[in-house]
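J.: To start, I am sharing the structure in question, which I have written as structure tokens.
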Amino acid sequence: VEAMAEAVADMDAGRARREPQDASRATAQGLIGDAEARIDWSRPVSEVDRWVRGCDPQPGAFGLWKGEKVRLFDGSLVPGGDASKPGTIVDVRDGKLLIAADGGCIAVGRVRIGDGKKVPAAASGLGLGGEERLG
């Protein structure tokens, strides 16, 4: 937001230069599929957070639970360490599941289990405990 405000101020003051983009250096991101959407829980929490948000709304970053894909939506970073193994559901807070990652947790507002519909995370049937871990 600060960069946008600075750019607008520069334009208003006549300091901004109009420079066409070099099309030969442009790149495009293709569609993201399941090969890219699976979460690597060993990554730092900041990366897992970006992974979840980057795959939302489609296809939905996912982990496996009892052989089913659990796709995560409406994610946000919760900094601070948690001793639980990454991928473990450690709490339900304000209707969101908190899932441990290296260096913190991810709060998830909605999930989709298997081919089901997106549901509020706290109403998904996923709960707390050692076996409630996404791989």
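By convention here, the chains of the structure tokens are called A, B, ... in the order presented, each chain's residues are numbered starting at 1, and ligands are numbered starting at 1 in the order presented.
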Could you list, as a PyMOL selection string, every residue within 12 Å of Gly104 in chain A, counting only C-alpha atoms and ignoring same-chain residues fewer than 5 positions away?

T.: chain A and resi 41-49+76-90+98-99

J.: So what do you get for CA of Arg17 in chain A versus CA of Glu2 in chain A, distance-wise?

T.: 18.4 Å

J.: Can you work out which one of A:Asp74, A:Asp115, A:Glu68, A:Glu6 has the shortest atom-to-atom distance to Trp51 in chain A, counting only C-alpha atoms?

T.: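 When distances to Trp51 in chain A are compared using only C-alpha atoms, the smallest one comes from A:Asp74.
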
J.: Chain A: which residues are alpha helix (DSSP H) by DSSP, as a PyMOL selection string?

T.: chain A and resi 2-13+34-37+45-54
